[in-house]
Structure formats: C-alpha cells, structure tokens
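Undergrad: data_36.cif is reproduced below (mmCIF, C-alpha atoms).
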```cif
data_final
#
loop_
_atom_site.label_atom_id
_atom_site.label_comp_id
_atom_site.auth_asym_id
_atom_site.auth_seq_id
_atom_site.Cartn_x
_atom_site.Cartn_y
_atom_site.Cartn_z
CA MET A 1 0.00 0.00 0.00
CA ILE A 2 1.21 3.50 -0.84
CA ARG A 3 2.21 5.43 2.27
CA ILE A 4 1.81 9.21 2.37
CA LEU A 5 3.28 11.48 5.03
CA ILE A 6 1.13 14.49 5.95
CA ALA A 7 3.16 17.22 7.64
CA GLU A 8 0.48 19.63 8.86
CA ASP A 9 0.06 21.28 12.26
CA GLU A 10 -3.58 22.35 11.90
CA GLU A 11 -5.57 19.36 13.10
CA ARG A 12 -8.75 20.19 11.19
CA ILE A 13 -6.89 20.16 7.88
CA SER A 14 -4.74 17.11 8.62
CA ARG A 15 -7.81 15.09 9.64
CA PHE A 16 -9.62 16.15 6.45
CA ILE A 17 -6.69 15.04 4.28
CA GLU A 18 -6.07 11.85 6.26
CA LYS A 19 -9.71 10.77 6.03
CA GLY A 20 -9.84 11.43 2.28
CA LEU A 21 -6.60 9.56 1.60
CA ARG A 22 -7.74 6.51 3.56
CA ALA A 23 -10.97 6.47 1.57
CA ALA A 24 -8.89 6.61 -1.64
CA GLY A 25 -6.87 3.54 -0.62
CA PHE A 26 -3.69 5.19 0.69
CA ALA A 27 -1.99 4.73 4.07
CA PRO A 28 -1.51 8.23 5.55
CA THR A 29 0.56 9.23 8.59
CA VAL A 30 0.34 12.68 10.19
CA VAL A 31 3.13 14.64 11.87
CA ALA A 32 2.62 18.10 13.32
CA ASP A 33 6.04 19.75 13.23
CA GLY A 34 8.95 20.25 10.88
CA VAL A 35 11.52 18.27 12.88
CA LYS A 36 9.39 15.12 12.76
CA ALA A 37 8.67 15.79 9.09
CA VAL A 38 12.41 15.60 8.33
CA ASP A 39 12.87 12.44 10.42
CA TYR A 40 9.89 10.59 8.95
CA ALA A 41 10.48 11.69 5.35
CA SER A 42 14.14 10.62 5.58
CA SER A 43 13.24 7.14 6.81
CA GLY A 44 12.49 5.74 3.35
CA ASP A 45 9.14 4.42 4.59
CA PHE A 46 6.99 6.90 2.67
CA ASP A 47 6.16 7.34 -1.01
CA LEU A 48 5.15 11.03 -0.94
CA LEU A 49 5.16 14.02 1.43
CA LEU A 50 2.39 16.60 1.76
CA LEU A 51 4.16 19.51 3.41
CA ASP A 52 2.73 22.55 5.16
CA VAL A 53 4.92 25.66 5.28
CA GLY A 54 3.90 27.38 8.52
CA PHE A 55 5.47 25.19 11.22
CA PRO A 56 6.52 26.86 14.51
CA ARG A 57 9.75 24.85 15.02
CA LEU A 58 11.08 24.32 11.51
CA ASP A 59 9.21 25.85 8.59
CA GLY A 60 8.31 23.85 5.50
CA PHE A 61 10.82 25.55 3.21
CA THR A 62 13.61 24.63 5.63
CA VAL A 63 12.30 21.06 5.89
CA LEU A 64 12.38 20.79 2.11
CA SER A 65 15.87 22.28 1.84
CA VAL A 66 17.21 19.84 4.46
CA LEU A 67 15.65 16.88 2.64
CA ARG A 68 17.01 17.90 -0.75
CA GLN A 69 20.48 18.68 0.63
CA SER A 70 20.46 15.21 2.17
CA ARG A 71 19.50 13.80 -1.25
CA VAL A 72 16.14 12.52 -0.02
CA GLY A 73 14.22 12.17 -3.27
CA ILE A 74 10.70 11.70 -1.89
CA PRO A 75 8.10 13.57 -4.02
CA VAL A 76 6.89 16.67 -2.14
CA ILE A 77 3.69 18.63 -2.61
CA ILE A 78 3.61 21.86 -0.62
CA LEU A 79 0.25 22.81 0.91
CA THR A 80 0.13 26.38 2.16
CA ALA A 81 -2.01 29.46 2.65
CA ARG A 82 0.82 31.53 1.12
CA GLY A 83 -0.30 32.06 -2.45
CA SER A 84 2.06 34.74 -3.71
CA ALA A 85 4.21 34.18 -6.77
CA ALA A 86 7.33 34.69 -4.63
CA ASP A 87 6.31 31.91 -2.23
CA THR A 88 5.46 29.57 -5.10
CA VAL A 89 8.84 30.18 -6.72
CA ALA A 90 10.61 29.74 -3.37
CA GLY A 91 8.91 26.39 -2.81
CA LEU A 92 9.72 25.08 -6.28
CA GLU A 93 13.32 26.31 -6.11
CA CYS A 94 13.73 24.50 -2.78
CA GLY A 95 12.88 21.27 -4.57
CA ALA A 96 9.10 20.88 -4.30
CA ASP A 97 7.43 18.82 -7.02
CA ASP A 98 4.15 20.71 -6.77
CA TYR A 99 2.56 23.60 -4.87
CA MET A 100 -1.09 23.97 -3.78
CA VAL A 101 -2.66 26.95 -2.07
CA LYS A 102 -5.23 26.51 0.70
CA PRO A 103 -8.16 26.16 0.56
CA PHE A 104 -7.96 23.43 -2.05
CA ARG A 105 -10.28 20.80 -3.50
CA PHE A 106 -9.49 17.32 -2.28
CA GLU A 107 -10.18 15.87 -5.73
CA GLU A 108 -7.51 18.12 -7.22
CA LEU A 109 -5.06 17.17 -4.47
CA LEU A 110 -5.76 13.50 -5.16
CA ALA A 111 -5.13 13.99 -8.88
CA ARG A 112 -1.82 15.71 -8.18
CA ILE A 113 -0.77 12.98 -5.75
CA ARG A 114 -1.49 10.30 -8.34
CA LEU A 115 0.43 12.26 -10.96
CA ARG A 116 3.52 12.53 -8.72
CA LEU A 117 3.37 8.85 -7.79
CA ARG A 118 2.98 7.71 -11.37
CA PRO A 119 6.27 6.59 -12.92
CA ALA A 120 7.37 8.70 -15.87
CA ASP A 121 6.98 6.95 -19.20
CA ASN A 122 7.27 8.80 -22.47
CA ASN A 123 5.53 5.92 -24.23
CA ASP A 124 2.30 6.27 -22.27
CA PRO A 125 -0.72 6.42 -24.54
CA PRO A 126 -2.53 9.78 -24.69
CA GLY A 127 -5.73 8.13 -23.50
CA GLY A 128 -4.28 7.87 -19.99
CA ASN A 129 -5.57 11.39 -19.30
CA ILE A 130 -9.12 10.63 -20.40
CA ILE A 131 -11.99 9.41 -18.22
CA ARG A 132 -15.15 8.13 -19.91
CA HIS A 133 -18.60 7.08 -18.83
CA GLY A 134 -20.92 6.30 -21.70
CA ALA A 135 -20.92 9.27 -24.08
CA LEU A 136 -19.43 11.54 -21.41
CA GLU A 137 -15.68 12.12 -21.78
CA LEU A 138 -13.34 14.23 -19.64
CA ASN A 139 -9.78 15.07 -20.66
CA LEU A 140 -7.60 15.89 -17.65
CA ARG A 141 -4.76 17.27 -19.74
CA THR A 142 -6.75 19.72 -21.87
CA ARG A 143 -9.42 20.29 -19.18
CA THR A 144 -12.21 19.71 -21.69
CA VAL A 145 -15.48 17.78 -21.48
CA ARG A 146 -17.32 16.16 -24.39
CA VAL A 147 -20.73 14.60 -24.71
CA GLY A 148 -20.54 12.56 -27.90
CA ASP A 149 -18.96 14.83 -30.52
CA LYS A 150 -19.89 18.05 -28.74
CA VAL A 151 -17.41 19.98 -26.58
CA ILE A 152 -19.15 21.36 -23.47
CA ASP A 153 -18.10 24.72 -22.02
CA LEU A 154 -17.81 24.32 -18.24
CA SER A 155 -16.58 26.56 -15.45
CA ALA A 156 -13.68 25.31 -13.30
CA ARG A 157 -16.10 24.28 -10.53
CA GLU A 158 -18.43 22.48 -12.96
CA PHE A 159 -15.44 20.64 -14.40
CA ALA A 160 -14.41 19.59 -10.88
CA LEU A 161 -17.92 18.33 -10.20
CA VAL A 162 -17.95 16.23 -13.39
CA GLU A 163 -14.50 14.88 -12.50
CA THR A 164 -15.72 13.86 -9.05
CA PHE A 165 -18.72 12.00 -10.47
CA LEU A 166 -16.52 10.26 -13.06
CA HIS A 167 -14.12 9.06 -10.38
CA HIS A 168 -17.09 7.45 -8.57
CA PRO A 169 -19.25 6.00 -11.38
CA GLY A 170 -22.57 4.67 -10.15
CA GLN A 171 -21.83 5.65 -6.54
CA VAL A 172 -24.28 7.90 -4.69
CA LEU A 173 -22.37 10.93 -3.40
CA SER A 174 -23.90 12.97 -0.60
CA ARG A 175 -23.96 16.76 -0.72
CA GLN A 176 -21.36 16.82 2.05
CA GLN A 177 -19.05 14.52 0.09
CA LEU A 178 -19.38 16.74 -2.97
CA LEU A 179 -18.73 19.86 -0.90
CA SER A 180 -15.62 18.26 0.54
CA HIS A 181 -14.27 17.03 -2.80
CA VAL A 182 -15.12 20.04 -4.94
CA TRP A 183 -15.25 23.08 -2.63
CA GLY A 184 -12.75 22.07 0.03
CA TYR A 185 -12.57 21.50 3.74
CA ASP A 186 -13.61 24.97 4.91
CA PHE A 187 -16.78 25.47 2.85
CA ASP A 188 -20.11 26.12 4.62
CA GLY A 189 -21.86 22.76 4.85
CA THR A 190 -25.30 24.39 5.10
CA SER A 191 -25.07 25.93 1.62
CA ASN A 192 -27.26 24.78 -1.28
CA VAL A 193 -24.40 25.40 -3.71
CA VAL A 194 -24.23 21.70 -4.67
CA ASP A 195 -27.85 21.68 -5.82
CA VAL A 196 -27.32 24.89 -7.80
CA TYR A 197 -24.27 23.50 -9.60
CA VAL A 198 -25.89 20.13 -10.27
CA SER A 199 -28.81 21.96 -11.85
CA GLN A 200 -26.43 23.99 -14.05
CA LEU A 201 -24.51 20.87 -14.99
CA ARG A 202 -27.66 19.01 -15.99
CA GLN A 203 -28.52 21.79 -18.41
CA LYS A 204 -25.11 21.44 -20.07
CA ILE A 205 -24.46 17.69 -20.17
CA GLY A 206 -28.03 16.36 -20.03
CA ALA A 207 -30.42 16.04 -17.12
CA GLU A 208 -30.45 12.24 -17.32
CA ARG A 209 -26.70 12.01 -16.64
CA ILE A 210 -26.98 13.05 -12.98
CA VAL A 211 -29.55 11.08 -11.00
CA THR A 212 -31.02 12.27 -7.70
CA THR A 213 -31.28 9.67 -4.95
CA ARG A 214 -33.81 11.18 -2.57
CA GLY A 215 -32.41 11.80 0.88
CA ALA A 216 -28.95 10.53 -0.07
CA GLY A 217 -27.43 12.66 -2.82
CA TYR A 218 -26.51 12.34 -6.48
CA ARG A 219 -24.92 9.75 -8.74
CA LEU A 220 -23.76 9.58 -12.33
CA GLY A 221 -26.45 7.97 -14.46
#
```
Could you write out this structure as structure tokens?
TA:
Amino acid sequence: MIRILIAEDEERISRFIEKGLRAAGFAPTVVADGVKAVDYASSGDFDLLLLDVGFPRLDGFTVLSVLRQSRVGIPVIILTARGSAADTVAGLECGADDYMVKPFRFEELLARIRLRLRPADNNDPPGGNIIRHGALELNLRTRTVRVGDKVIDLSAREFALVETFLHHPGQVLSRQQLLSHVWGYDFDGTSNVVDVYVSQLRQKIGAERIVTTRGAGYRLG
C-alpha cells in the first residue's frame, strides 16, 4: 500500500486530508512539526510528502531544503495558505514537485498525488488522461469535457464536479461529500451550492446524466 506522510500542524486540515486519503486507498501518517517531518520523510518508509509551510519549530521551506540537501528524493507537494508568486517560486526552487494553495479541492489534491506517484513513461498512450462514462468524456490534460462529438463549455467548478462523479461511477455521493471534494474542507456545509451547480450541470451535459437519490445525494447515471 502507498504510504503518504502528511506534515500539517492544523488538526482540522490534517484530519480532512487523512480521512480522504484513507478512503482513496492510501496509508496516511500525520506529523505536526517540521523536525518530525524531516525524520519521517528521511526514513524511506513513505512514497510522498504533503508539506505545510507554517510550522513553529522548523518551517516547511527549511524542511524541504534539508531533505534535498540530504539527497532525499521523496516527491513533495507543498500545501500552504501563502499564495504569492514569490512563495510559489521559493517552494519550487527548494525542490518541491508541486505547490497547492489553501483552501484546495481534495479531488484536485488527489489527482496531483497520483500524478507525482505515477512513474514517468514517455511511451504512455494519450488516453491515460481521459476518463469516460458512456458518451461523457473528460480530458484531464486539456481540461475539456465532451458529450458525444460536442465539446461542453464548463466553469472550473463544474469541471471539478464532473470529474468527481466520473471518479465514482454509479456511486451515490452525498452533498457533504461533494462539498468536501469540490469546494474544500472549509466550505459552509449548510449551503445549497451543490444543488445549484448540479442543476447547471444538468442543463449542459443532459439532465439524465446526474440522478437524484432522494435523501442521499446524487450519482452519475
């Protein structure tokens, strides 16, 4: 089983990520400070590191620099509230493989994790970036959606919603699950935003493609 180290000192966020990763079939471990992050990441027991920047003892950039100077090659995705271009550049120059700004969608984080864990192969077929369900087709590389021969114009959030449904074909997803996957861990759970977006999506890809299960949620039809 793939083991992922979560270096995050805010418990609410680390629990959100840990729960999602377990549901996706990974084996996550959480540490809450930079010193432990260095120790655990250097052990060779983990396949990927999700690294927060704002640690009180040893910040994430320092953790990353120490790992790279020690030639620890574990893939690292930085997760931080610092979204400036300077911070992004600093993280990448320190040796990060990817950089995500909080709040983030779990489904996007999952896609980036899978991308970093996937071995590089220049002979991979182009279809590896395409997810299909019936006539519905989503291309992760070009960020386009087709129904049959027609390209559908979707907003970023609508695209994320389609992607979530396609990753769980036939499964009933509750509104809370959709909020968590598409809008992130800090979105207001009392909002009707899911229903609004599902309604918009039905108008674009066909009402019959998203089925309502009364009292439970929605599934891809």
Undergrad: How big is the axis-aligned box around the listed atoms of range 206-214 of chain A once 5 Å is added on each side, and where is its centre? Give both in Å to one decimal, as lines of an AutoDock Vina configuration file.
TA:
```
center_x = -30.3
center_y = 13.0
center_z = -11.3
size_x = 17.1
size_y = 16.7
size_z = 27.5
```
Undergrad: I'd like the interatomic distance between CA of Leu64 in chain A and CA of Asp52 in chain A, to a tenth of an Å.
TA: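 If I compute the distance from CA of Leu64 in chain A to CA of Asp52 in chain A, I get 10.3 Å.
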Undergrad: When distances are computed from all atoms listed in the file, which of A:Glu108, A:Gly60, A:Leu166, A:Pro103 shows the smallest separation from Glu137 in chain A?
TA: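 Using all atoms listed in the file, Glu137 in chain A sits closest to A:Leu166.
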Undergrad: Evaluating the PyMOL selection byres ((chain A and resi 165) around 12) on the displayed file yields which residues, as number ranges by chain?
TA: A: 107, 131-133, 136-138, 158-164, 166-174, 177-178, 181-182, 198, 201, 209-211, 217-221
Undergrad: Could you check the closest approach to Ile152 in chain A for each of A:Arg105, A:Arg175, A:Arg22, A:Arg202 and tell me which residue wins, using only C-alpha atoms?
TA: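 The shortest atom-to-atom distance to Ile152 in chain A comes from A:Arg202.
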Undergrad: Could you list, as a compact mmCIF listing (two decimals) with C-alpha atoms, in the coordinates of the input, every residue within 12 Å of Ser70 in chain A, counting only C-alpha atoms and ignoring same-chain residues fewer than 4 positions away?
TA:
```
# COMPACT_ATOMS: atom_id res chain seq x y z
CA VAL A 38 12.41 15.60 8.33
CA ASP A 39 12.87 12.44 10.42
CA ALA A 41 10.48 11.69 5.35
CA SER A 42 14.14 10.62 5.58
CA SER A 43 13.24 7.14 6.81
CA VAL A 63 12.30 21.06 5.89
CA LEU A 64 12.38 20.79 2.11
CA SER A 65 15.87 22.28 1.84
CA VAL A 66 17.21 19.84 4.46
CA ILE A 74 10.70 11.70 -1.89
CA GLY A 95 12.88 21.27 -4.57
```
Undergrad: Can you tell me how far CA of Arg214 in chain A sits from CA of Ser180 in chain A, in Å to one decimal?
TA: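 Computing it gives 19.8 Å between the two atoms.
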Undergrad: Around (4.3, 13.3, 11.4), as given in the file, which residues come within 8 Å? Count only C-alpha atoms and list them as a list in words.
TA: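 Here is the list of nearby residues: Leu5, Ile6, Ala7, Glu8, Thr29, Val30, Val31, Ala32, Asp33, Lys36, Ala37 and Tyr40 of chain A.
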Undergrad: Kindly provide, as a PyMOL selection string, the polymer residues lying within 10 Å of (7.2, 20.0, -5.3), counting only C-alpha atoms and using the coordinates exactly as they appear in the file.
TA: chain A and resi 49-51+64+74-79+88+91-100+116
Undergrad: Return the single residue from A:Ile205, A:Val194, A:Leu179, A:Ile4 that is closest to Val151 in chain A, with distances computed using only C-alpha atoms.
TA: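 Smallest distance to Val151 in chain A is found for A:Ile205.
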Undergrad: What is the CA of Phe46 in chain A-CA of Leu21 in chain A distance in Å, reported with one decimal?
TA: 13.9 Å
